[in-house]
Amino acid sequence: MRREQPGTSYERIYAAVRRVPRGRVATYGQIARVAGLPGHARQVGYALHALRPSTTVPWQRIVNAAGAVSLRRGGGGGALSQRLLLEREGVAFDARGRIPLARFAWRPRR
DNA sequence: CCACTGACGAGTG
DNA sequence: GCACTCGCCAGTG
């Protein structure tokens, strides 16, 4: 199944994700836009989901527009891992489990 | 070809 | 802020 390279779009998405600096987070829509695929936020999530465990792509820095972790497996290792990885980078979560985007959102230059 | 699902977002009430 | 709808695209049955 090679869902890791269905085309060139995924590469663009991964490239955009790699731009997010440590200690900052970006939203799916933001990544889609930077990757040149405005409006394809859903594909960004799909592309990241297809990543291998050993990937070098900093997927943990991508959260939804609300600033919350969006892994479907809520209590599963995924969401927890993402949160721990981010906290380890200096990203803080509020009581509701969300990240204050006003403070940690990545601001790419355009 | 059609229906459904999935790491989403924006608009509306 | 919450619930609902629609739009996007790819993969699967």
# chains A, B, ... in the order shown; residues from 1 in each chain; ligands from 1
>>> residues_around(residues="C:DT5", least_positions_apart="3", cutoff="12 Å", atoms="only C-alpha atoms (C1' of nucleotides)", output="list in words")
DA10, DG11, DT12 and DG13 of chain B
>>> interface_residues(of="chain B", to="chain A", cutoff="10 Å", atoms="only C-alpha atoms (C1' of nucleotides)", output="ChimeraX atom specification")
/B:6-10
>>> residues_around(residues="B:DT5", least_positions_apart="5", cutoff="12 Å", atoms="only C-alpha atoms (C1' of nucleotides)", output="list in words")
Tyr46 of chain A; DA10, DG11, DT12 and DG13 of chain C
>>> select_by_dssp(residues="stretch 27-98 of chain A", states="alpha helix (DSSP H)", output="PyMOL selection string")
chain A and resi 28-34+41-49+77-89
>>> atom_distance(atom1="atom CA of A:Gln82", atom2="atom CA of A:Ala26")
13.3 Å
>>> atom_distance(atom1="atom CA of A:Pro100", atom2="atom C1' of C:DC2")
19.4 Å
>>> select_by_dssp(residues="chain A", states="strand (DSSP E)", output="PyMOL selection string")
chain A and resi 26-27+62-63
>>> residues_around(residues="A:Ala15", least_positions_apart="2", cutoff="12 Å", atoms="only C-alpha atoms (C1' of nucleotides)", output="PyMOL selection string")
chain A and resi 8-13+17-20+31-32+34-36+44+47-48+56-59
>>> write_last_selection(atoms="N, CA and C atoms", output="mmCIF file, in the first residue's frame")
data_model
loop_
_atom_site.group_PDB
_atom_site.id
_atom_site.type_symbol
_atom_site.label_atom_id
_atom_site.label_comp_id
_atom_site.auth_asym_id
_atom_site.auth_seq_id
_atom_site.Cartn_x
_atom_site.Cartn_y
_atom_site.Cartn_z
ATOM 1 N N THR A 8 2.927 14.071 -5.282
ATOM 2 C CA THR A 8 3.837 15.132 -4.866
ATOM 3 C C THR A 8 3.239 15.982 -3.754
ATOM 4 N N SER A 9 1.936 15.957 -3.606
ATOM 5 C CA SER A 9 1.278 16.769 -2.594
ATOM 6 C C SER A 9 1.788 16.483 -1.193
ATOM 7 N N TYR A 10 1.937 15.228 -0.862
ATOM 8 C CA TYR A 10 2.387 14.880 0.480
ATOM 9 C C TYR A 10 3.765 15.454 0.768
ATOM 10 N N GLU A 11 4.636 15.416 -0.206
ATOM 11 C CA GLU A 11 5.979 15.964 0.004
ATOM 12 C C GLU A 11 5.898 17.435 0.380
ATOM 13 N N ARG A 12 5.015 18.143 -0.266
ATOM 14 C CA ARG A 12 4.859 19.578 0.016
ATOM 15 C C ARG A 12 4.382 19.762 1.446
ATOM 16 N N ILE A 13 3.474 18.911 1.851
ATOM 17 C CA ILE A 13 2.939 18.994 3.205
ATOM 18 C C ILE A 13 4.041 18.730 4.226
ATOM 19 N N VAL A 17 5.586 21.172 7.188
ATOM 20 C CA VAL A 17 5.617 20.785 8.597
ATOM 21 C C VAL A 17 7.029 20.928 9.155
ATOM 22 N N ARG A 18 8.004 20.567 8.353
ATOM 23 C CA ARG A 18 9.401 20.672 8.800
ATOM 24 C C ARG A 18 9.799 22.107 9.082
ATOM 25 N N ARG A 19 9.079 23.063 8.523
ATOM 26 C CA ARG A 19 9.423 24.476 8.737
ATOM 27 C C ARG A 19 9.040 24.949 10.128
ATOM 28 N N VAL A 20 8.099 24.265 10.758
ATOM 29 C CA VAL A 20 7.646 24.695 12.087
ATOM 30 C C VAL A 20 8.787 24.514 13.088
ATOM 31 N N ILE A 31 -0.719 24.772 7.587
ATOM 32 C CA ILE A 31 0.221 23.926 6.853
ATOM 33 C C ILE A 31 -0.250 23.763 5.406
ATOM 34 N N ALA A 32 -1.532 23.530 5.252
ATOM 35 C CA ALA A 32 -2.075 23.342 3.903
ATOM 36 C C ALA A 32 -1.790 24.584 3.069
ATOM 37 N N VAL A 34 0.572 26.938 3.556
ATOM 38 C CA VAL A 34 2.010 27.086 3.297
ATOM 39 C C VAL A 34 2.485 26.083 2.250
ATOM 40 N N ALA A 35 1.828 24.926 2.232
ATOM 41 C CA ALA A 35 2.216 23.888 1.270
ATOM 42 C C ALA A 35 1.661 24.178 -0.122
ATOM 43 N N GLY A 36 0.896 25.245 -0.223
ATOM 44 C CA GLY A 36 0.340 25.580 -1.530
ATOM 45 C C GLY A 36 -0.934 24.827 -1.828
ATOM 46 N N VAL A 44 -3.953 17.324 4.870
ATOM 47 C CA VAL A 44 -2.778 17.448 5.720
ATOM 48 C C VAL A 44 -2.876 16.393 6.810
ATOM 49 N N ALA A 47 -2.203 13.033 5.364
ATOM 50 C CA ALA A 47 -0.785 12.832 5.048
ATOM 51 C C ALA A 47 0.003 12.513 6.313
ATOM 52 N N LEU A 48 -0.271 13.233 7.368
ATOM 53 C CA LEU A 48 0.460 13.002 8.619
ATOM 54 C C LEU A 48 0.114 11.637 9.198
ATOM 55 N N THR A 56 10.983 11.621 10.416
ATOM 56 C CA THR A 56 11.731 12.753 10.971
ATOM 57 C C THR A 56 10.850 13.995 10.942
ATOM 58 N N VAL A 57 9.670 13.855 10.383
ATOM 59 C CA VAL A 57 8.750 14.999 10.315
ATOM 60 C C VAL A 57 8.167 15.288 11.699
ATOM 61 N N PRO A 58 8.279 16.538 12.158
ATOM 62 C CA PRO A 58 7.755 16.936 13.478
ATOM 63 C C PRO A 58 6.231 17.036 13.497
ATOM 64 N N TRP A 59 5.575 15.935 13.271
ATOM 65 C CA TRP A 59 4.106 15.901 13.212
ATOM 66 C C TRP A 59 3.439 16.372 14.499
#
>>> atom_distance(atom1="atom CA of A:Thr55", atom2="atom CA of A:Ala92")
23.8 Å
>>> decode(residues="chain C", atoms="all heavy atoms", output="PDB file, in the first residue's frame")
ATOM      1  P    DG C   1     -14.197  30.438  23.880  1.00  0.00           P
ATOM      2  OP1  DG C   1     -13.857  30.876  22.625  1.00  0.00           O
ATOM      3  OP2  DG C   1     -13.724  30.728  25.145  1.00  0.00           O
ATOM      4  O5'  DG C   1     -15.596  29.642  23.892  1.00  0.00           O
ATOM      5  C5'  DG C   1     -16.199  29.448  25.145  1.00  0.00           C
ATOM      6  C4'  DG C   1     -17.411  28.560  24.976  1.00  0.00           C
ATOM      7  O4'  DG C   1     -18.439  29.299  24.280  1.00  0.00           O
ATOM      8  C3'  DG C   1     -17.099  27.331  24.123  1.00  0.00           C
ATOM      9  O3'  DG C   1     -17.735  26.196  24.689  1.00  0.00           O
ATOM     10  C2'  DG C   1     -17.696  27.665  22.768  1.00  0.00           C
ATOM     11  C1'  DG C   1     -18.869  28.548  23.143  1.00  0.00           C
ATOM     12  N9   DG C   1     -19.205  29.519  22.089  1.00  0.00           N
ATOM     13  C8   DG C   1     -18.371  30.387  21.462  1.00  0.00           C
ATOM     14  N7   DG C   1     -18.959  31.104  20.559  1.00  0.00           N
ATOM     15  C5   DG C   1     -20.284  30.682  20.595  1.00  0.00           C
ATOM     16  C6   DG C   1     -21.416  31.090  19.843  1.00  0.00           C
ATOM     17  O6   DG C   1     -21.458  31.945  18.958  1.00  0.00           O
ATOM     18  N1   DG C   1     -22.566  30.394  20.204  1.00  0.00           N
ATOM     19  C2   DG C   1     -22.631  29.434  21.175  1.00  0.00           C
ATOM     20  N2   DG C   1     -23.808  28.880  21.395  1.00  0.00           N
ATOM     21  N3   DG C   1     -21.585  29.041  21.884  1.00  0.00           N
ATOM     22  C4   DG C   1     -20.452  29.699  21.535  1.00  0.00           C
ATOM     23  P    DC C   2     -17.416  24.751  24.031  1.00  0.00           P
ATOM     24  OP1  DC C   2     -17.152  23.828  25.141  1.00  0.00           O
ATOM     25  OP2  DC C   2     -16.448  24.923  22.929  1.00  0.00           O
ATOM     26  O5'  DC C   2     -18.831  24.353  23.393  1.00  0.00           O
ATOM     27  C5'  DC C   2     -20.008  24.466  24.189  1.00  0.00           C
ATOM     28  C4'  DC C   2     -21.218  24.058  23.362  1.00  0.00           C
ATOM     29  O4'  DC C   2     -21.578  25.135  22.470  1.00  0.00           O
ATOM     30  C3'  DC C   2     -20.966  22.827  22.489  1.00  0.00           C
ATOM     31  O3'  DC C   2     -22.102  21.967  22.493  1.00  0.00           O
ATOM     32  C2'  DC C   2     -20.749  23.418  21.114  1.00  0.00           C
ATOM     33  C1'  DC C   2     -21.624  24.647  21.140  1.00  0.00           C
ATOM     34  N1   DC C   2     -21.177  25.735  20.248  1.00  0.00           N
ATOM     35  C2   DC C   2     -22.103  26.345  19.405  1.00  0.00           C
ATOM     36  O2   DC C   2     -23.282  25.971  19.422  1.00  0.00           O
ATOM     37  N3   DC C   2     -21.698  27.350  18.592  1.00  0.00           N
ATOM     38  C4   DC C   2     -20.432  27.748  18.597  1.00  0.00           C
ATOM     39  N4   DC C   2     -20.093  28.740  17.780  1.00  0.00           N
ATOM     40  C5   DC C   2     -19.463  27.139  19.444  1.00  0.00           C
ATOM     41  C6   DC C   2     -19.871  26.144  20.254  1.00  0.00           C
ATOM     42  P    DA C   3     -22.052  20.505  21.787  1.00  0.00           P
ATOM     43  OP1  DA C   3     -22.679  19.528  22.702  1.00  0.00           O
ATOM     44  OP2  DA C   3     -20.679  20.277  21.275  1.00  0.00           O
ATOM     45  O5'  DA C   3     -23.014  20.707  20.534  1.00  0.00           O
ATOM     46  C5'  DA C   3     -24.357  21.110  20.757  1.00  0.00           C
ATOM     47  C4'  DA C   3     -25.090  21.202  19.427  1.00  0.00           C
ATOM     48  O4'  DA C   3     -24.662  22.375  18.716  1.00  0.00           O
ATOM     49  C3'  DA C   3     -24.820  20.004  18.521  1.00  0.00           C
ATOM     50  O3'  DA C   3     -26.035  19.581  17.918  1.00  0.00           O
ATOM     51  C2'  DA C   3     -23.835  20.545  17.495  1.00  0.00           C
ATOM     52  C1'  DA C   3     -24.168  22.020  17.435  1.00  0.00           C
ATOM     53  N9   DA C   3     -23.006  22.882  17.152  1.00  0.00           N
ATOM     54  C8   DA C   3     -21.757  22.807  17.696  1.00  0.00           C
ATOM     55  N7   DA C   3     -20.921  23.736  17.270  1.00  0.00           N
ATOM     56  C5   DA C   3     -21.695  24.481  16.397  1.00  0.00           C
ATOM     57  C6   DA C   3     -21.419  25.611  15.614  1.00  0.00           C
ATOM     58  N6   DA C   3     -20.237  26.229  15.593  1.00  0.00           N
ATOM     59  N1   DA C   3     -22.412  26.109  14.848  1.00  0.00           N
ATOM     60  C2   DA C   3     -23.600  25.503  14.862  1.00  0.00           C
ATOM     61  N3   DA C   3     -23.990  24.439  15.557  1.00  0.00           N
ATOM     62  C4   DA C   3     -22.979  23.962  16.311  1.00  0.00           C
ATOM     63  P    DC C   4     -26.003  18.348  16.852  1.00  0.00           P
ATOM     64  OP1  DC C   4     -27.292  17.639  16.948  1.00  0.00           O
ATOM     65  OP2  DC C   4     -24.727  17.608  16.994  1.00  0.00           O
ATOM     66  O5'  DC C   4     -25.990  19.139  15.469  1.00  0.00           O
ATOM     67  C5'  DC C   4     -26.963  20.144  15.225  1.00  0.00           C
ATOM     68  C4'  DC C   4     -26.803  20.728  13.824  1.00  0.00           C
ATOM     69  O4'  DC C   4     -25.766  21.718  13.824  1.00  0.00           O
ATOM     70  C3'  DC C   4     -26.440  19.694  12.765  1.00  0.00           C
ATOM     71  O3'  DC C   4     -27.304  19.828  11.635  1.00  0.00           O
ATOM     72  C2'  DC C   4     -25.019  20.053  12.382  1.00  0.00           C
ATOM     73  C1'  DC C   4     -24.954  21.545  12.690  1.00  0.00           C
ATOM     74  N1   DC C   4     -23.592  22.013  13.006  1.00  0.00           N
ATOM     75  C2   DC C   4     -23.114  23.177  12.390  1.00  0.00           C
ATOM     76  O2   DC C   4     -23.854  23.804  11.636  1.00  0.00           O
ATOM     77  N3   DC C   4     -21.861  23.586  12.647  1.00  0.00           N
ATOM     78  C4   DC C   4     -21.084  22.884  13.480  1.00  0.00           C
ATOM     79  N4   DC C   4     -19.855  23.332  13.695  1.00  0.00           N
ATOM     80  C5   DC C   4     -21.554  21.706  14.121  1.00  0.00           C
ATOM     81  C6   DC C   4     -22.804  21.312  13.862  1.00  0.00           C
ATOM     82  P    DT C   5     -27.096  18.883  10.338  1.00  0.00           P
ATOM     83  OP1  DT C   5     -28.418  18.600   9.751  1.00  0.00           O
ATOM     84  OP2  DT C   5     -26.199  17.764  10.701  1.00  0.00           O
ATOM     85  O5'  DT C   5     -26.316  19.855   9.348  1.00  0.00           O
ATOM     86  C5'  DT C   5     -26.842  21.155   9.088  1.00  0.00           C
ATOM     87  C4'  DT C   5     -26.097  21.781   7.917  1.00  0.00           C
ATOM     88  O4'  DT C   5     -24.853  22.365   8.377  1.00  0.00           O
ATOM     89  C3'  DT C   5     -25.740  20.788   6.808  1.00  0.00           C
ATOM     90  O3'  DT C   5     -26.050  21.350   5.529  1.00  0.00           O
ATOM     91  C2'  DT C   5     -24.241  20.584   6.971  1.00  0.00           C
ATOM     92  C1'  DT C   5     -23.770  21.881   7.599  1.00  0.00           C
ATOM     93  N1   DT C   5     -22.594  21.751   8.493  1.00  0.00           N
ATOM     94  C2   DT C   5     -21.568  22.665   8.364  1.00  0.00           C
ATOM     95  O2   DT C   5     -21.579  23.563   7.552  1.00  0.00           O
ATOM     96  N3   DT C   5     -20.515  22.481   9.234  1.00  0.00           N
ATOM     97  C4   DT C   5     -20.399  21.507  10.181  1.00  0.00           C
ATOM     98  O4   DT C   5     -19.406  21.453  10.892  1.00  0.00           O
ATOM     99  C5   DT C   5     -21.515  20.571  10.266  1.00  0.00           C
ATOM    100  C7   DT C   5     -21.485  19.467  11.264  1.00  0.00           C
ATOM    101  C6   DT C   5     -22.547  20.749   9.423  1.00  0.00           C
ATOM    102  P    DC C   6     -25.853  20.431   4.212  1.00  0.00           P
ATOM    103  OP1  DC C   6     -26.941  20.750   3.273  1.00  0.00           O
ATOM    104  OP2  DC C   6     -25.570  19.021   4.592  1.00  0.00           O
ATOM    105  O5'  DC C   6     -24.517  21.070   3.633  1.00  0.00           O
ATOM    106  C5'  DC C   6     -24.421  22.483   3.474  1.00  0.00           C
ATOM    107  C4'  DC C   6     -23.021  22.854   3.018  1.00  0.00           C
ATOM    108  O4'  DC C   6     -22.094  22.728   4.106  1.00  0.00           O
ATOM    109  C3'  DC C   6     -22.510  21.957   1.888  1.00  0.00           C
ATOM    110  O3'  DC C   6     -21.976  22.773   0.851  1.00  0.00           O
ATOM    111  C2'  DC C   6     -21.430  21.112   2.551  1.00  0.00           C
ATOM    112  C1'  DC C   6     -20.952  22.005   3.686  1.00  0.00           C
ATOM    113  N1   DC C   6     -20.412  21.291   4.854  1.00  0.00           N
ATOM    114  C2   DC C   6     -19.248  21.752   5.453  1.00  0.00           C
ATOM    115  O2   DC C   6     -18.685  22.748   4.986  1.00  0.00           O
ATOM    116  N3   DC C   6     -18.757  21.096   6.524  1.00  0.00           N
ATOM    117  C4   DC C   6     -19.391  20.021   7.007  1.00  0.00           C
ATOM    118  N4   DC C   6     -18.866  19.413   8.058  1.00  0.00           N
ATOM    119  C5   DC C   6     -20.594  19.532   6.414  1.00  0.00           C
ATOM    120  C6   DC C   6     -21.070  20.194   5.349  1.00  0.00           C
ATOM    121  P    DG C   7     -21.477  22.066  -0.474  1.00  0.00           P
ATOM    122  OP1  DG C   7     -21.876  22.892  -1.628  1.00  0.00           O
ATOM    123  OP2  DG C   7     -21.829  20.625  -0.439  1.00  0.00           O
ATOM    124  O5'  DG C   7     -19.886  22.197  -0.309  1.00  0.00           O
ATOM    125  C5'  DG C   7     -19.329  23.493  -0.069  1.00  0.00           C
ATOM    126  C4'  DG C   7     -17.819  23.392   0.073  1.00  0.00           C
ATOM    127  O4'  DG C   7     -17.477  22.880   1.372  1.00  0.00           O
ATOM    128  C3'  DG C   7     -17.204  22.442  -0.949  1.00  0.00           C
ATOM    129  O3'  DG C   7     -16.060  23.047  -1.540  1.00  0.00           O
ATOM    130  C2'  DG C   7     -16.810  21.216  -0.138  1.00  0.00           C
ATOM    131  C1'  DG C   7     -16.562  21.797   1.230  1.00  0.00           C
ATOM    132  N9   DG C   7     -16.813  20.859   2.314  1.00  0.00           N
ATOM    133  C8   DG C   7     -17.890  20.026   2.480  1.00  0.00           C
ATOM    134  N7   DG C   7     -17.814  19.271   3.545  1.00  0.00           N
ATOM    135  C5   DG C   7     -16.613  19.644   4.120  1.00  0.00           C
ATOM    136  C6   DG C   7     -15.987  19.171   5.294  1.00  0.00           C
ATOM    137  O6   DG C   7     -16.383  18.315   6.090  1.00  0.00           O
ATOM    138  N1   DG C   7     -14.766  19.819   5.521  1.00  0.00           N
ATOM    139  C2   DG C   7     -14.228  20.779   4.724  1.00  0.00           C
ATOM    140  N2   DG C   7     -13.051  21.280   5.079  1.00  0.00           N
ATOM    141  N3   DG C   7     -14.806  21.229   3.621  1.00  0.00           N
ATOM    142  C4   DG C   7     -15.992  20.617   3.383  1.00  0.00           C
ATOM    143  P    DC C   8     -15.538  22.400  -2.952  1.00  0.00           P
ATOM    144  OP1  DC C   8     -15.410  23.474  -3.929  1.00  0.00           O
ATOM    145  OP2  DC C   8     -16.362  21.202  -3.248  1.00  0.00           O
ATOM    146  O5'  DC C   8     -14.077  21.922  -2.600  1.00  0.00           O
ATOM    147  C5'  DC C   8     -13.694  21.687  -1.321  1.00  0.00           C
ATOM    148  C4'  DC C   8     -12.250  21.225  -1.203  1.00  0.00           C
ATOM    149  O4'  DC C   8     -12.087  20.803   0.149  1.00  0.00           O
ATOM    150  C3'  DC C   8     -11.986  20.022  -2.109  1.00  0.00           C
ATOM    151  O3'  DC C   8     -10.749  20.046  -2.784  1.00  0.00           O
ATOM    152  C2'  DC C   8     -12.038  18.843  -1.161  1.00  0.00           C
ATOM    153  C1'  DC C   8     -11.916  19.398   0.248  1.00  0.00           C
ATOM    154  N1   DC C   8     -12.999  18.808   1.066  1.00  0.00           N
ATOM    155  C2   DC C   8     -12.747  18.354   2.351  1.00  0.00           C
ATOM    156  O2   DC C   8     -11.659  18.580   2.869  1.00  0.00           O
ATOM    157  N3   DC C   8     -13.702  17.657   2.995  1.00  0.00           N
ATOM    158  C4   DC C   8     -14.887  17.433   2.403  1.00  0.00           C
ATOM    159  N4   DC C   8     -15.778  16.728   3.050  1.00  0.00           N
ATOM    160  C5   DC C   8     -15.180  17.949   1.106  1.00  0.00           C
ATOM    161  C6   DC C   8     -14.221  18.637   0.484  1.00  0.00           C
ATOM    162  P    DC C   9     -10.604  19.222  -4.062  1.00  0.00           P
ATOM    163  OP1  DC C   9      -9.640  19.908  -4.921  1.00  0.00           O
ATOM    164  OP2  DC C   9     -11.918  18.793  -4.573  1.00  0.00           O
ATOM    165  O5'  DC C   9      -9.884  17.939  -3.434  1.00  0.00           O
ATOM    166  C5'  DC C   9      -8.667  18.084  -2.710  1.00  0.00           C
ATOM    167  C4'  DC C   9      -8.245  16.758  -2.125  1.00  0.00           C
ATOM    168  O4'  DC C   9      -9.126  16.377  -1.051  1.00  0.00           O
ATOM    169  C3'  DC C   9      -8.258  15.600  -3.136  1.00  0.00           C
ATOM    170  O3'  DC C   9      -7.035  14.916  -3.063  1.00  0.00           O
ATOM    171  C2'  DC C   9      -9.388  14.721  -2.665  1.00  0.00           C
ATOM    172  C1'  DC C   9      -9.427  15.004  -1.177  1.00  0.00           C
ATOM    173  N1   DC C   9     -10.747  14.760  -0.551  1.00  0.00           N
ATOM    174  C2   DC C   9     -10.842  13.810   0.469  1.00  0.00           C
ATOM    175  O2   DC C   9      -9.840  13.191   0.809  1.00  0.00           O
ATOM    176  N3   DC C   9     -12.046  13.586   1.048  1.00  0.00           N
ATOM    177  C4   DC C   9     -13.116  14.274   0.647  1.00  0.00           C
ATOM    178  N4   DC C   9     -14.277  14.018   1.250  1.00  0.00           N
ATOM    179  C5   DC C   9     -13.046  15.255  -0.381  1.00  0.00           C
ATOM    180  C6   DC C   9     -11.848  15.475  -0.949  1.00  0.00           C
ATOM    181  P    DA C  10      -6.776  13.735  -4.113  1.00  0.00           P
ATOM    182  OP1  DA C  10      -5.418  13.935  -4.648  1.00  0.00           O
ATOM    183  OP2  DA C  10      -7.918  13.584  -5.017  1.00  0.00           O
ATOM    184  O5'  DA C  10      -6.738  12.477  -3.136  1.00  0.00           O
ATOM    185  C5'  DA C  10      -5.805  12.484  -2.063  1.00  0.00           C
ATOM    186  C4'  DA C  10      -5.948  11.214  -1.241  1.00  0.00           C
ATOM    187  O4'  DA C  10      -7.190  11.188  -0.544  1.00  0.00           O
ATOM    188  C3'  DA C  10      -5.892   9.924  -2.074  1.00  0.00           C
ATOM    189  O3'  DA C  10      -5.078   9.000  -1.381  1.00  0.00           O
ATOM    190  C2'  DA C  10      -7.337   9.469  -2.140  1.00  0.00           C
ATOM    191  C1'  DA C  10      -7.909  10.001  -0.827  1.00  0.00           C
ATOM    192  N9   DA C  10      -9.325  10.351  -0.878  1.00  0.00           N
ATOM    193  C8   DA C  10      -9.986  11.090  -1.824  1.00  0.00           C
ATOM    194  N7   DA C  10     -11.257  11.281  -1.576  1.00  0.00           N
ATOM    195  C5   DA C  10     -11.449  10.622  -0.376  1.00  0.00           C
ATOM    196  C6   DA C  10     -12.582  10.447   0.437  1.00  0.00           C
ATOM    197  N6   DA C  10     -13.783  10.954   0.164  1.00  0.00           N
ATOM    198  N1   DA C  10     -12.447   9.720   1.556  1.00  0.00           N
ATOM    199  C2   DA C  10     -11.248   9.210   1.855  1.00  0.00           C
ATOM    200  N3   DA C  10     -10.106   9.309   1.190  1.00  0.00           N
ATOM    201  C4   DA C  10     -10.284  10.037   0.056  1.00  0.00           C
ATOM    202  P    DG C  11      -4.778   7.599  -2.037  1.00  0.00           P
ATOM    203  OP1  DG C  11      -3.359   7.346  -1.749  1.00  0.00           O
ATOM    204  OP2  DG C  11      -5.287   7.567  -3.431  1.00  0.00           O
ATOM    205  O5'  DG C  11      -5.651   6.594  -1.159  1.00  0.00           O
ATOM    206  C5'  DG C  11      -5.493   6.637   0.255  1.00  0.00           C
ATOM    207  C4'  DG C  11      -6.470   5.683   0.906  1.00  0.00           C
ATOM    208  O4'  DG C  11      -7.808   6.245   0.882  1.00  0.00           O
ATOM    209  C3'  DG C  11      -6.567   4.313   0.205  1.00  0.00           C
ATOM    210  O3'  DG C  11      -6.528   3.296   1.200  1.00  0.00           O
ATOM    211  C2'  DG C  11      -7.919   4.334  -0.499  1.00  0.00           C
ATOM    212  C1'  DG C  11      -8.730   5.282   0.381  1.00  0.00           C
ATOM    213  N9   DG C  11      -9.787   6.019  -0.302  1.00  0.00           N
ATOM    214  C8   DG C  11      -9.703   6.725  -1.474  1.00  0.00           C
ATOM    215  N7   DG C  11     -10.825   7.300  -1.827  1.00  0.00           N
ATOM    216  C5   DG C  11     -11.711   6.951  -0.826  1.00  0.00           C
ATOM    217  C6   DG C  11     -13.093   7.271  -0.652  1.00  0.00           C
ATOM    218  O6   DG C  11     -13.826   7.960  -1.365  1.00  0.00           O
ATOM    219  N1   DG C  11     -13.599   6.710   0.501  1.00  0.00           N
ATOM    220  C2   DG C  11     -12.899   5.941   1.377  1.00  0.00           C
ATOM    221  N2   DG C  11     -13.561   5.482   2.437  1.00  0.00           N
ATOM    222  N3   DG C  11     -11.619   5.622   1.245  1.00  0.00           N
ATOM    223  C4   DG C  11     -11.091   6.160   0.114  1.00  0.00           C
ATOM    224  P    DT C  12      -6.495   1.765   0.725  1.00  0.00           P
ATOM    225  OP1  DT C  12      -5.615   1.037   1.657  1.00  0.00           O
ATOM    226  OP2  DT C  12      -6.256   1.688  -0.748  1.00  0.00           O
ATOM    227  O5'  DT C  12      -7.999   1.291   0.993  1.00  0.00           O
ATOM    228  C5'  DT C  12      -8.555   1.494   2.280  1.00  0.00           C
ATOM    229  C4'  DT C  12     -10.000   1.021   2.305  1.00  0.00           C
ATOM    230  O4'  DT C  12     -10.861   2.002   1.652  1.00  0.00           O
ATOM    231  C3'  DT C  12     -10.228  -0.311   1.595  1.00  0.00           C
ATOM    232  O3'  DT C  12     -10.939  -1.194   2.468  1.00  0.00           O
ATOM    233  C2'  DT C  12     -11.089   0.049   0.386  1.00  0.00           C
ATOM    234  C1'  DT C  12     -11.788   1.316   0.850  1.00  0.00           C
ATOM    235  N1   DT C  12     -12.190   2.237  -0.224  1.00  0.00           N
ATOM    236  C2   DT C  12     -13.483   2.744  -0.193  1.00  0.00           C
ATOM    237  O2   DT C  12     -14.293   2.459   0.676  1.00  0.00           O
ATOM    238  N3   DT C  12     -13.806   3.608  -1.206  1.00  0.00           N
ATOM    239  C4   DT C  12     -12.994   4.005  -2.237  1.00  0.00           C
ATOM    240  O4   DT C  12     -13.399   4.798  -3.077  1.00  0.00           O
ATOM    241  C5   DT C  12     -11.657   3.437  -2.209  1.00  0.00           C
ATOM    242  C7   DT C  12     -10.679   3.814  -3.289  1.00  0.00           C
ATOM    243  C6   DT C  12     -11.327   2.596  -1.218  1.00  0.00           C
ATOM    244  P    DG C  13     -11.138  -2.764   2.024  1.00  0.00           P
ATOM    245  OP1  DG C  13     -10.869  -3.562   3.235  1.00  0.00           O
ATOM    246  OP2  DG C  13     -10.383  -3.024   0.796  1.00  0.00           O
ATOM    247  O5'  DG C  13     -12.691  -2.830   1.720  1.00  0.00           O
ATOM    248  C5'  DG C  13     -13.627  -2.501   2.749  1.00  0.00           C
ATOM    249  C4'  DG C  13     -15.033  -2.561   2.195  1.00  0.00           C
ATOM    250  O4'  DG C  13     -15.278  -1.428   1.330  1.00  0.00           O
ATOM    251  C3'  DG C  13     -15.302  -3.812   1.354  1.00  0.00           C
ATOM    252  O3'  DG C  13     -16.611  -4.312   1.609  1.00  0.00           O
ATOM    253  C2'  DG C  13     -15.246  -3.301  -0.084  1.00  0.00           C
ATOM    254  C1'  DG C  13     -15.768  -1.881   0.074  1.00  0.00           C
ATOM    255  N9   DG C  13     -15.312  -0.956  -0.955  1.00  0.00           N
ATOM    256  C8   DG C  13     -14.058  -0.907  -1.526  1.00  0.00           C
ATOM    257  N7   DG C  13     -13.957   0.009  -2.454  1.00  0.00           N
ATOM    258  C5   DG C  13     -15.220   0.605  -2.503  1.00  0.00           C
ATOM    259  C6   DG C  13     -15.719   1.655  -3.306  1.00  0.00           C
ATOM    260  O6   DG C  13     -15.129   2.294  -4.171  1.00  0.00           O
ATOM    261  N1   DG C  13     -17.041   1.951  -3.008  1.00  0.00           N
ATOM    262  C2   DG C  13     -17.801   1.305  -2.062  1.00  0.00           C
ATOM    263  N2   DG C  13     -19.045   1.722  -1.930  1.00  0.00           N
ATOM    264  N3   DG C  13     -17.348   0.318  -1.301  1.00  0.00           N
ATOM    265  C4   DG C  13     -16.057   0.027  -1.567  1.00  0.00           C
TER     266       DG C  13
END
